[in-house]
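Coordinates as given in final32.csv (CSV, N, CA, C and O atoms):
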```csv
chain,number,residue,atom,x,y,z
A,423,PHE,N,28.4,-4.7,-9.2
A,423,PHE,CA,27.4,-5.0,-8.2
A,423,PHE,C,26.9,-6.5,-8.4
A,423,PHE,O,26.8,-7.0,-9.5
A,424,VAL,N,26.7,-7.1,-7.2
A,424,VAL,CA,26.1,-8.4,-7.2
A,424,VAL,C,25.0,-8.4,-6.1
A,424,VAL,O,25.3,-8.0,-5.0
A,425,GLY,N,23.8,-8.6,-6.6
A,425,GLY,CA,22.7,-8.6,-5.6
A,425,GLY,C,22.5,-7.2,-5.1
A,425,GLY,O,22.1,-7.1,-3.9
A,426,GLY,N,22.8,-6.2,-5.8
A,426,GLY,CA,22.6,-4.8,-5.4
A,426,GLY,C,23.7,-4.3,-4.5
A,426,GLY,O,23.8,-3.1,-4.1
A,427,GLU,N,24.7,-5.2,-4.2
A,427,GLU,CA,25.8,-4.8,-3.4
A,427,GLU,C,27.1,-4.6,-4.2
A,427,GLU,O,27.4,-5.4,-5.1
A,428,PRO,N,27.8,-3.5,-4.0
A,428,PRO,CA,29.0,-3.3,-4.8
A,428,PRO,C,30.1,-4.3,-4.4
A,428,PRO,O,30.2,-4.6,-3.2
A,429,LEU,N,30.9,-4.7,-5.3
A,429,LEU,CA,32.1,-5.6,-5.0
A,429,LEU,C,33.3,-4.7,-5.0
A,429,LEU,O,33.5,-3.8,-5.8
A,430,ASP,N,34.2,-4.9,-4.1
A,430,ASP,CA,35.4,-4.2,-3.9
A,430,ASP,C,36.5,-4.9,-4.7
A,430,ASP,O,37.2,-5.8,-4.2
A,431,LEU,N,36.6,-4.6,-6.0
A,431,LEU,CA,37.5,-5.3,-6.9
A,431,LEU,C,38.6,-4.3,-7.4
A,431,LEU,O,38.4,-3.2,-7.6
A,432,THR,N,39.8,-4.9,-7.6
A,432,THR,CA,40.9,-4.1,-8.2
A,432,THR,C,40.6,-4.0,-9.7
A,432,THR,O,39.7,-4.7,-10.3
A,433,ALA,N,41.3,-3.2,-10.4
A,433,ALA,CA,41.1,-3.0,-11.9
A,433,ALA,C,41.3,-4.3,-12.6
A,433,ALA,O,40.5,-4.6,-13.5
A,434,LYS,N,42.3,-5.0,-12.3
A,434,LYS,CA,42.6,-6.3,-13.0
A,434,LYS,C,41.5,-7.3,-12.7
A,434,LYS,O,41.1,-8.1,-13.6
A,435,GLU,N,41.1,-7.4,-11.4
A,435,GLU,CA,40.0,-8.4,-11.1
A,435,GLU,C,38.8,-8.0,-11.9
A,435,GLU,O,38.1,-8.9,-12.4
A,436,LEU,N,38.5,-6.8,-12.0
A,436,LEU,CA,37.3,-6.3,-12.8
A,436,LEU,C,37.4,-6.7,-14.3
A,436,LEU,O,36.5,-7.2,-14.9
A,437,GLU,N,38.6,-6.5,-14.8
A,437,GLU,CA,38.9,-6.9,-16.2
A,437,GLU,C,38.7,-8.4,-16.4
A,437,GLU,O,38.1,-8.8,-17.4
A,438,VAL,N,39.2,-9.2,-15.5
A,438,VAL,CA,39.1,-10.7,-15.6
A,438,VAL,C,37.6,-11.0,-15.5
A,438,VAL,O,37.1,-11.8,-16.3
A,439,LEU,N,36.9,-10.5,-14.5
A,439,LEU,CA,35.5,-10.8,-14.4
A,439,LEU,C,34.7,-10.4,-15.6
A,439,LEU,O,33.8,-11.1,-16.1
A,440,ALA,N,35.0,-9.2,-16.2
A,440,ALA,CA,34.3,-8.7,-17.4
A,440,ALA,C,34.6,-9.7,-18.6
A,440,ALA,O,33.7,-9.9,-19.4
A,441,LEU,N,35.8,-10.2,-18.7
A,441,LEU,CA,36.1,-11.2,-19.7
A,441,LEU,C,35.3,-12.4,-19.6
A,441,LEU,O,34.8,-12.9,-20.6
A,442,PHE,N,35.2,-12.9,-18.4
A,442,PHE,CA,34.3,-14.1,-18.1
A,442,PHE,C,32.9,-13.8,-18.5
A,442,PHE,O,32.2,-14.6,-19.1
A,443,ALA,N,32.4,-12.6,-18.1
A,443,ALA,CA,31.0,-12.2,-18.3
A,443,ALA,C,30.7,-12.1,-19.8
A,443,ALA,O,29.6,-12.4,-20.3
A,444,ALA,N,31.7,-11.7,-20.6
A,444,ALA,CA,31.6,-11.6,-22.0
A,444,ALA,C,31.6,-13.0,-22.7
A,444,ALA,O,31.3,-13.1,-23.9
A,445,ASN,N,32.1,-14.0,-22.0
A,445,ASN,CA,32.3,-15.4,-22.5
A,445,ASN,C,31.7,-16.4,-21.5
A,445,ASN,O,32.4,-17.3,-21.1
A,446,PRO,N,30.4,-16.3,-21.2
A,446,PRO,CA,29.8,-17.2,-20.2
A,446,PRO,C,29.8,-18.6,-20.8
A,446,PRO,O,29.7,-18.9,-22.0
A,447,ASP,N,30.0,-19.6,-19.9
A,447,ASP,CA,30.0,-21.0,-20.2
A,447,ASP,C,31.0,-21.4,-21.2
A,447,ASP,O,30.9,-22.4,-21.9
A,448,THR,N,32.1,-20.6,-21.3
A,448,THR,CA,33.2,-20.8,-22.2
A,448,THR,C,34.5,-21.0,-21.4
A,448,THR,O,34.8,-20.1,-20.6
A,449,ALA,N,35.1,-22.1,-21.6
A,449,ALA,CA,36.4,-22.3,-20.9
A,449,ALA,C,37.5,-21.4,-21.5
A,449,ALA,O,37.7,-21.4,-22.7
A,450,LEU,N,38.1,-20.6,-20.7
A,450,LEU,CA,39.1,-19.7,-21.1
A,450,LEU,C,40.5,-20.2,-20.6
A,450,LEU,O,40.6,-20.5,-19.4
A,451,SER,N,41.4,-20.3,-21.5
A,451,SER,CA,42.8,-20.8,-21.0
A,451,SER,C,43.5,-19.6,-20.3
A,451,SER,O,43.1,-18.4,-20.4
A,452,ARG,N,44.5,-20.0,-19.5
A,452,ARG,CA,45.3,-19.0,-18.8
A,452,ARG,C,45.9,-18.0,-19.8
A,452,ARG,O,45.9,-16.8,-19.6
A,453,GLU,N,46.4,-18.5,-20.9
A,453,GLU,CA,47.0,-17.7,-21.9
A,453,GLU,C,46.0,-16.7,-22.5
A,453,GLU,O,46.4,-15.6,-22.8
A,454,ARG,N,44.8,-17.2,-22.8
A,454,ARG,CA,43.8,-16.3,-23.4
A,454,ARG,C,43.5,-15.1,-22.4
A,454,ARG,O,43.4,-14.0,-22.8
A,455,ILE,N,43.4,-15.5,-21.1
A,455,ILE,CA,43.1,-14.5,-20.1
A,455,ILE,C,44.3,-13.5,-20.0
A,455,ILE,O,44.1,-12.3,-20.0
A,456,MET,N,45.5,-14.0,-20.0
A,456,MET,CA,46.7,-13.2,-19.9
A,456,MET,C,46.7,-12.2,-21.1
A,456,MET,O,46.9,-11.0,-20.9
A,457,ASN,N,46.5,-12.7,-22.3
A,457,ASN,CA,46.6,-11.9,-23.5
A,457,ASN,C,45.5,-10.8,-23.5
A,457,ASN,O,45.7,-9.7,-23.9
A,458,ALA,N,44.3,-11.1,-23.0
A,458,ALA,CA,43.2,-10.2,-23.0
A,458,ALA,C,43.3,-9.1,-21.9
A,458,ALA,O,43.0,-8.0,-22.1
A,459,VAL,N,43.8,-9.5,-20.8
A,459,VAL,CA,43.9,-8.6,-19.6
A,459,VAL,C,45.2,-7.9,-19.5
A,459,VAL,O,45.3,-6.7,-19.2
A,460,TRP,N,46.3,-8.7,-19.6
A,460,TRP,CA,47.6,-8.1,-19.4
A,460,TRP,C,48.4,-7.8,-20.7
A,460,TRP,O,49.3,-7.0,-20.7
A,461,GLY,N,48.0,-8.4,-21.8
A,461,GLY,CA,48.7,-8.2,-23.0
A,461,GLY,C,49.8,-9.2,-23.2
A,461,GLY,O,50.2,-10.0,-22.3
A,462,TYR,N,50.4,-9.3,-24.4
A,462,TYR,CA,51.3,-10.3,-24.7
A,462,TYR,C,52.6,-10.3,-24.0
A,462,TYR,O,53.3,-11.3,-23.8
A,463,GLN,N,53.0,-9.1,-23.5
A,463,GLN,CA,54.3,-8.9,-22.8
A,463,GLN,C,54.4,-9.7,-21.5
A,463,GLN,O,55.4,-10.0,-21.0
A,464,TYR,N,53.2,-10.2,-21.0
A,464,TYR,CA,53.2,-10.9,-19.7
A,464,TYR,C,52.9,-12.4,-19.9
A,464,TYR,O,52.6,-13.1,-19.0
A,465,CYS,N,52.9,-12.9,-21.1
A,465,CYS,CA,52.4,-14.2,-21.4
A,465,CYS,C,53.2,-15.4,-20.8
A,465,CYS,O,52.8,-16.5,-20.8
A,466,ASN,N,54.4,-15.1,-20.2
A,466,ASN,CA,55.2,-16.2,-19.6
A,466,ASN,C,54.8,-16.4,-18.2
A,466,ASN,O,55.3,-17.3,-17.6
A,467,ASP,N,54.0,-15.5,-17.6
A,467,ASP,CA,53.7,-15.6,-16.1
A,467,ASP,C,52.2,-15.9,-15.9
A,467,ASP,O,51.5,-15.0,-15.5
A,468,THR,N,51.7,-17.1,-16.3
A,468,THR,CA,50.3,-17.4,-16.2
A,468,THR,C,49.9,-17.6,-14.7
A,468,THR,O,48.7,-17.7,-14.5
A,469,ARG,N,50.8,-17.7,-13.8
A,469,ARG,CA,50.4,-17.8,-12.4
A,469,ARG,C,49.7,-16.5,-11.9
A,469,ARG,O,48.9,-16.6,-10.9
A,470,ALA,N,49.9,-15.4,-12.6
A,470,ALA,CA,49.2,-14.2,-12.2
A,470,ALA,C,47.7,-14.4,-12.4
A,470,ALA,O,46.8,-13.9,-11.6
A,471,VAL,N,47.3,-15.2,-13.4
A,471,VAL,CA,45.9,-15.5,-13.6
A,471,VAL,C,45.3,-16.3,-12.5
A,471,VAL,O,44.2,-16.0,-12.0
A,472,ASP,N,46.1,-17.3,-12.0
A,472,ASP,CA,45.6,-18.1,-10.9
A,472,ASP,C,45.4,-17.2,-9.7
A,472,ASP,O,44.4,-17.4,-8.9
A,473,THR,N,46.3,-16.3,-9.4
A,473,THR,CA,46.1,-15.4,-8.3
A,473,THR,C,44.9,-14.5,-8.4
A,473,THR,O,44.1,-14.4,-7.4
A,474,GLN,N,44.6,-14.0,-9.6
A,474,GLN,CA,43.4,-13.2,-9.8
A,474,GLN,C,42.1,-14.0,-9.6
A,474,GLN,O,41.2,-13.5,-9.0
A,475,ILE,N,42.1,-15.2,-10.1
A,475,ILE,CA,41.0,-16.1,-10.0
A,475,ILE,C,40.8,-16.4,-8.5
A,475,ILE,O,39.6,-16.4,-8.0
A,476,MET,N,41.8,-16.7,-7.7
A,476,MET,CA,41.7,-17.0,-6.3
A,476,MET,C,41.1,-15.8,-5.6
A,476,MET,O,40.2,-16.0,-4.8
A,477,ARG,N,41.5,-14.6,-5.9
A,477,ARG,CA,41.0,-13.4,-5.2
A,477,ARG,C,39.6,-13.2,-5.6
A,477,ARG,O,38.8,-12.8,-4.8
A,478,LEU,N,39.2,-13.4,-6.9
A,478,LEU,CA,37.9,-13.2,-7.3
A,478,LEU,C,36.9,-14.2,-6.6
A,478,LEU,O,35.8,-13.8,-6.1
A,479,ARG,N,37.4,-15.4,-6.5
A,479,ARG,CA,36.6,-16.4,-5.8
A,479,ARG,C,36.3,-16.0,-4.3
A,479,ARG,O,35.2,-16.2,-3.8
A,480,GLN,N,37.3,-15.5,-3.7
A,480,GLN,CA,37.2,-15.0,-2.3
A,480,GLN,C,36.2,-13.9,-2.2
A,480,GLN,O,35.5,-13.7,-1.2
A,481,LYS,N,36.2,-13.0,-3.2
A,481,LYS,CA,35.4,-11.8,-3.1
A,481,LYS,C,34.0,-11.9,-3.6
A,481,LYS,O,33.1,-11.2,-3.2
A,482,LEU,N,33.7,-12.9,-4.4
A,482,LEU,CA,32.3,-13.1,-4.9
A,482,LEU,C,31.5,-13.8,-3.8
A,482,LEU,O,31.9,-14.8,-3.3
A,483,PRO,N,30.3,-13.2,-3.5
A,483,PRO,CA,29.5,-13.7,-2.5
A,483,PRO,C,28.9,-15.1,-3.0
A,483,PRO,O,28.7,-15.3,-4.2
A,484,LYS,N,28.6,-15.9,-2.0
A,484,LYS,CA,28.0,-17.2,-2.3
A,484,LYS,C,26.7,-17.1,-3.0
A,484,LYS,O,26.2,-18.0,-3.7
A,485,THR,N,26.0,-15.9,-2.8
A,485,THR,CA,24.7,-15.7,-3.4
A,485,THR,C,24.8,-15.1,-4.8
A,485,THR,O,23.7,-14.6,-5.3
A,486,ALA,N,25.9,-15.0,-5.4
A,486,ALA,CA,26.1,-14.4,-6.6
A,486,ALA,C,25.3,-15.0,-7.8
A,486,ALA,O,25.0,-14.3,-8.8
A,487,GLY,N,25.1,-16.3,-7.7
A,487,GLY,CA,24.3,-17.0,-8.8
A,487,GLY,C,25.3,-17.5,-9.9
A,487,GLY,O,24.8,-18.1,-10.8
A,488,PHE,N,26.6,-17.3,-9.7
A,488,PHE,CA,27.5,-17.8,-10.6
A,488,PHE,C,28.8,-18.0,-9.9
A,488,PHE,O,29.0,-17.6,-8.8
A,489,GLU,N,29.7,-18.9,-10.5
A,489,GLU,CA,31.0,-19.1,-9.9
A,489,GLU,C,32.0,-19.4,-11.0
A,489,GLU,O,31.7,-19.7,-12.1
A,490,ILE,N,33.3,-19.2,-10.6
A,490,ILE,CA,34.4,-19.5,-11.6
A,490,ILE,C,34.9,-20.9,-11.2
A,490,ILE,O,35.3,-21.1,-10.1
A,491,ILE,N,34.8,-21.8,-12.2
A,491,ILE,CA,35.3,-23.2,-11.9
A,491,ILE,C,36.6,-23.4,-12.7
A,491,ILE,O,36.8,-22.8,-13.7
A,492,SER,N,37.3,-24.4,-12.2
A,492,SER,CA,38.5,-24.8,-12.9
A,492,SER,C,38.2,-25.9,-13.9
A,492,SER,O,37.4,-26.8,-13.5
A,493,ILE,N,38.7,-25.9,-15.1
A,493,ILE,CA,38.6,-26.9,-16.1
A,493,ILE,C,40.0,-27.5,-16.2
A,493,ILE,O,40.9,-26.9,-16.7
A,494,TYR,N,40.1,-28.8,-15.8
A,494,TYR,CA,41.4,-29.4,-15.8
A,494,TYR,C,42.1,-29.3,-17.1
A,494,TYR,O,41.5,-29.6,-18.2
A,495,SER,N,43.4,-28.9,-17.1
A,495,SER,CA,44.3,-28.8,-18.2
A,495,SER,C,43.8,-27.8,-19.3
A,495,SER,O,44.3,-27.9,-20.4
A,496,VAL,N,42.8,-27.0,-19.0
A,496,VAL,CA,42.3,-26.0,-19.9
A,496,VAL,C,42.4,-24.6,-19.4
A,496,VAL,O,43.1,-23.8,-19.9
A,497,GLY,N,41.7,-24.4,-18.2
A,497,GLY,CA,41.8,-23.0,-17.6
A,497,GLY,C,40.6,-22.9,-16.7
A,497,GLY,O,40.4,-23.7,-15.8
A,498,TYR,N,39.8,-21.9,-16.9
A,498,TYR,CA,38.7,-21.5,-16.0
A,498,TYR,C,37.4,-21.2,-16.9
A,498,TYR,O,37.5,-20.8,-18.0
A,499,LYS,N,36.3,-21.3,-16.1
A,499,LYS,CA,35.0,-21.0,-16.8
A,499,LYS,C,34.0,-20.4,-15.8
A,499,LYS,O,34.0,-20.8,-14.6
A,500,LEU,N,33.3,-19.4,-16.2
A,500,LEU,CA,32.2,-18.8,-15.4
A,500,LEU,C,30.9,-19.6,-15.7
A,500,LEU,O,30.5,-19.7,-16.9
A,501,VAL,N,30.3,-20.1,-14.7
A,501,VAL,CA,29.1,-20.9,-14.8
A,501,VAL,C,28.0,-20.4,-13.8
A,501,VAL,O,28.4,-19.9,-12.7
A,502,ARG,N,26.8,-20.6,-14.2
A,502,ARG,CA,25.7,-20.3,-13.3
A,502,ARG,C,25.6,-21.4,-12.3
A,502,ARG,O,25.8,-22.6,-12.6
A,503,LYS,N,25.2,-21.1,-11.0
A,503,LYS,CA,25.0,-22.1,-10.0
A,503,LYS,C,23.6,-22.7,-10.1
A,503,LYS,O,22.7,-22.1,-10.5
```
Final structure tokens representation of the file:
Amino acid sequence: FVGGEPLDLTAKELEVLALFAANPDTALSRERIMNAVWGYQYCNDTRAVDTQIMRLRQKLPKTAGFEIISIYSVGYKLVRK
């Protein structure tokens, strides 16, 4: 829920968002996200992370109070607006 409204997220989107919520203001590499959400067997396809981040950004309302930002050559980070 964001602002009392439920978000329509897939299981993987929810896992990624939960990982960010557990690590606020911490830059997470694509590899770390892959290992935490998909497991080591998928570590060669980090583009899946980019796809999940793109979908999460589209689904999160502008009024959420937080956003997922890109950290150049590191990965992504959840920050308060």
All residues 8 Å or closer to Arg469 in chain A, all atoms listed in the file, same chain fewer than 6 positions away omitted, as a tab-separated table (two decimals) with N, CA, C and O atoms, in the coordinates of the input:
```
chain	number	residue	atom	x	y	z
A	452	ARG	N	44.50	-20.00	-19.50
A	452	ARG	CA	45.30	-19.00	-18.80
A	452	ARG	C	45.90	-18.00	-19.80
A	452	ARG	O	45.90	-16.80	-19.60
A	475	ILE	N	42.10	-15.20	-10.10
A	475	ILE	CA	41.00	-16.10	-10.00
A	475	ILE	C	40.80	-16.40	-8.50
A	475	ILE	O	39.60	-16.40	-8.00
A	476	MET	N	41.80	-16.70	-7.70
A	476	MET	CA	41.70	-17.00	-6.30
A	476	MET	C	41.10	-15.80	-5.60
A	476	MET	O	40.20	-16.00	-4.80
```
Interatomic distance (Å, one decimal) between CA of Ala440 in chain A and CA of Thr473 in chain A: 16.3 Å
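Residues within 8 Å of Leu429 in chain A, counting only N, CA, C and O atoms and excluding same-chain residues fewer than 2 positions away, are A:Phe423, A:Val424, A:Gly426, A:Glu427, A:Leu431, A:Thr432, A:Lys481, A:Leu482, A:Pro483.
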Need to verify the contact set: Glu489 in chain A, 7 Å, only N, CA, C and O atoms, exclusion of same-chain residues closer than 5 positions in sequence. Can you return it as a ChimeraX atom specification? /A:499-503
Enumerate as a PyMOL selection string all residues of chain A assigned to alpha helix (DSSP H) by DSSP on the backbone, naming them with the chain letters and numbers the document uses. chain A and resi 433-444+452-459+469-481
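Proximity of A:Pro428, A:Gly461, A:Glu435, A:Ala444 to Gln480 in chain A, computed with only C-alpha atoms, is greatest for A:Glu435.
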Atom pair atom C of Ala433 in chain A + atom O of Tyr494 in chain A, distance 25.9 Å
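From atom O of Val496 in chain A back to atom N of Glu453 in chain A, the distance works out to 6.3 Å.
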Which neighbours of Leu450 in chain A fall inside 12 Å, counting only C-alpha atoms, when residues of the same chain fewer than 3 positions from it are skipped, and could you give them as JSON, numbers by chain? {"A": [438, 439, 441, 442, 443, 444, 445, 446, 447, 453, 454, 455, 456, 457, 458, 471, 475, 490, 491, 492, 493, 494, 495, 496, 497, 498, 499, 500, 501]}
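For chain A, backbone-based DSSP labels the following residues as strand (DSSP E or B): Val424, Glu427, Leu450, Ser451, Phe488, Glu489, Ile490, Ile491, Ser492, Ile493, Gly497, Tyr498, Lys499, Leu500, Val501 and Arg502 of chain A.
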Kindly complete range 437-448 of chain A to all heavy atoms; the output should be written as an mmCIF file, in the coordinates of the input.
```
data_model
loop_
_atom_site.group_PDB
_atom_site.id
_atom_site.type_symbol
_atom_site.label_atom_id
_atom_site.label_comp_id
_atom_site.auth_asym_id
_atom_site.auth_seq_id
_atom_site.Cartn_x
_atom_site.Cartn_y
_atom_site.Cartn_z
ATOM 1 N N GLU A 437 38.600 -6.500 -14.800
ATOM 2 C CA GLU A 437 38.900 -6.900 -16.200
ATOM 3 C C GLU A 437 38.700 -8.400 -16.400
ATOM 4 O O GLU A 437 38.100 -8.800 -17.400
ATOM 5 C CB GLU A 437 40.280 -6.473 -16.630
ATOM 6 C CG GLU A 437 40.434 -4.984 -16.837
ATOM 7 C CD GLU A 437 41.820 -4.622 -17.314
ATOM 8 O OE1 GLU A 437 42.198 -5.082 -18.418
ATOM 9 O OE2 GLU A 437 42.531 -3.906 -16.592
ATOM 10 N N VAL A 438 39.200 -9.200 -15.500
ATOM 11 C CA VAL A 438 39.100 -10.700 -15.600
ATOM 12 C C VAL A 438 37.600 -11.000 -15.500
ATOM 13 O O VAL A 438 37.100 -11.800 -16.300
ATOM 14 C CB VAL A 438 39.923 -11.374 -14.496
ATOM 15 C CG1 VAL A 438 39.616 -12.863 -14.472
ATOM 16 C CG2 VAL A 438 41.411 -11.141 -14.720
ATOM 17 N N LEU A 439 36.900 -10.500 -14.500
ATOM 18 C CA LEU A 439 35.500 -10.800 -14.400
ATOM 19 C C LEU A 439 34.700 -10.400 -15.600
ATOM 20 O O LEU A 439 33.800 -11.100 -16.100
ATOM 21 C CB LEU A 439 34.922 -10.145 -13.127
ATOM 22 C CG LEU A 439 33.512 -10.538 -12.733
ATOM 23 C CD1 LEU A 439 33.371 -12.041 -12.543
ATOM 24 C CD2 LEU A 439 33.103 -9.798 -11.460
ATOM 25 N N ALA A 440 35.000 -9.200 -16.200
ATOM 26 C CA ALA A 440 34.300 -8.700 -17.400
ATOM 27 C C ALA A 440 34.600 -9.700 -18.600
ATOM 28 O O ALA A 440 33.700 -9.900 -19.400
ATOM 29 C CB ALA A 440 34.788 -7.330 -17.732
ATOM 30 N N LEU A 441 35.800 -10.200 -18.700
ATOM 31 C CA LEU A 441 36.100 -11.200 -19.700
ATOM 32 C C LEU A 441 35.300 -12.400 -19.600
ATOM 33 O O LEU A 441 34.800 -12.900 -20.600
ATOM 34 C CB LEU A 441 37.641 -11.516 -19.673
ATOM 35 C CG LEU A 441 38.135 -12.517 -20.712
ATOM 36 C CD1 LEU A 441 37.966 -11.956 -22.126
ATOM 37 C CD2 LEU A 441 39.595 -12.871 -20.443
ATOM 38 N N PHE A 442 35.200 -12.900 -18.400
ATOM 39 C CA PHE A 442 34.300 -14.100 -18.100
ATOM 40 C C PHE A 442 32.900 -13.800 -18.500
ATOM 41 O O PHE A 442 32.200 -14.600 -19.100
ATOM 42 C CB PHE A 442 34.425 -14.585 -16.683
ATOM 43 C CG PHE A 442 35.639 -15.415 -16.418
ATOM 44 C CD1 PHE A 442 36.608 -14.981 -15.542
ATOM 45 C CD2 PHE A 442 35.824 -16.634 -17.044
ATOM 46 C CE1 PHE A 442 37.730 -15.749 -15.283
ATOM 47 C CE2 PHE A 442 36.939 -17.409 -16.802
ATOM 48 C CZ PHE A 442 37.902 -16.958 -15.919
ATOM 49 N N ALA A 443 32.400 -12.600 -18.100
ATOM 50 C CA ALA A 443 31.000 -12.200 -18.300
ATOM 51 C C ALA A 443 30.700 -12.100 -19.800
ATOM 52 O O ALA A 443 29.600 -12.400 -20.300
ATOM 53 C CB ALA A 443 30.684 -10.902 -17.626
ATOM 54 N N ALA A 444 31.700 -11.700 -20.600
ATOM 55 C CA ALA A 444 31.600 -11.600 -22.000
ATOM 56 C C ALA A 444 31.600 -13.000 -22.700
ATOM 57 O O ALA A 444 31.300 -13.100 -23.900
ATOM 58 C CB ALA A 444 32.637 -10.696 -22.605
ATOM 59 N N ASN A 445 32.100 -14.000 -22.000
ATOM 60 C CA ASN A 445 32.300 -15.400 -22.500
ATOM 61 C C ASN A 445 31.700 -16.400 -21.500
ATOM 62 O O ASN A 445 32.400 -17.300 -21.100
ATOM 63 C CB ASN A 445 33.748 -15.650 -22.732
ATOM 64 C CG ASN A 445 34.373 -14.746 -23.751
ATOM 65 O OD1 ASN A 445 34.220 -14.949 -24.937
ATOM 66 N ND2 ASN A 445 35.059 -13.718 -23.278
ATOM 67 N N PRO A 446 30.400 -16.300 -21.200
ATOM 68 C CA PRO A 446 29.800 -17.200 -20.200
ATOM 69 C C PRO A 446 29.800 -18.600 -20.800
ATOM 70 O O PRO A 446 29.700 -18.900 -22.000
ATOM 71 C CB PRO A 446 28.364 -16.685 -20.077
ATOM 72 C CG PRO A 446 28.059 -15.989 -21.358
ATOM 73 C CD PRO A 446 29.371 -15.387 -21.800
ATOM 74 N N ASP A 447 30.000 -19.600 -19.900
ATOM 75 C CA ASP A 447 30.000 -21.000 -20.200
ATOM 76 C C ASP A 447 31.000 -21.400 -21.200
ATOM 77 O O ASP A 447 30.900 -22.400 -21.900
ATOM 78 C CB ASP A 447 28.590 -21.459 -20.631
ATOM 79 C CG ASP A 447 27.560 -21.303 -19.524
ATOM 80 O OD1 ASP A 447 27.872 -21.681 -18.382
ATOM 81 O OD2 ASP A 447 26.460 -20.805 -19.799
ATOM 82 N N THR A 448 32.100 -20.600 -21.300
ATOM 83 C CA THR A 448 33.200 -20.800 -22.200
ATOM 84 C C THR A 448 34.500 -21.000 -21.400
ATOM 85 O O THR A 448 34.800 -20.100 -20.600
ATOM 86 C CB THR A 448 33.377 -19.687 -23.222
ATOM 87 O OG1 THR A 448 32.171 -19.486 -23.940
ATOM 88 C CG2 THR A 448 34.516 -19.970 -24.184
#
```
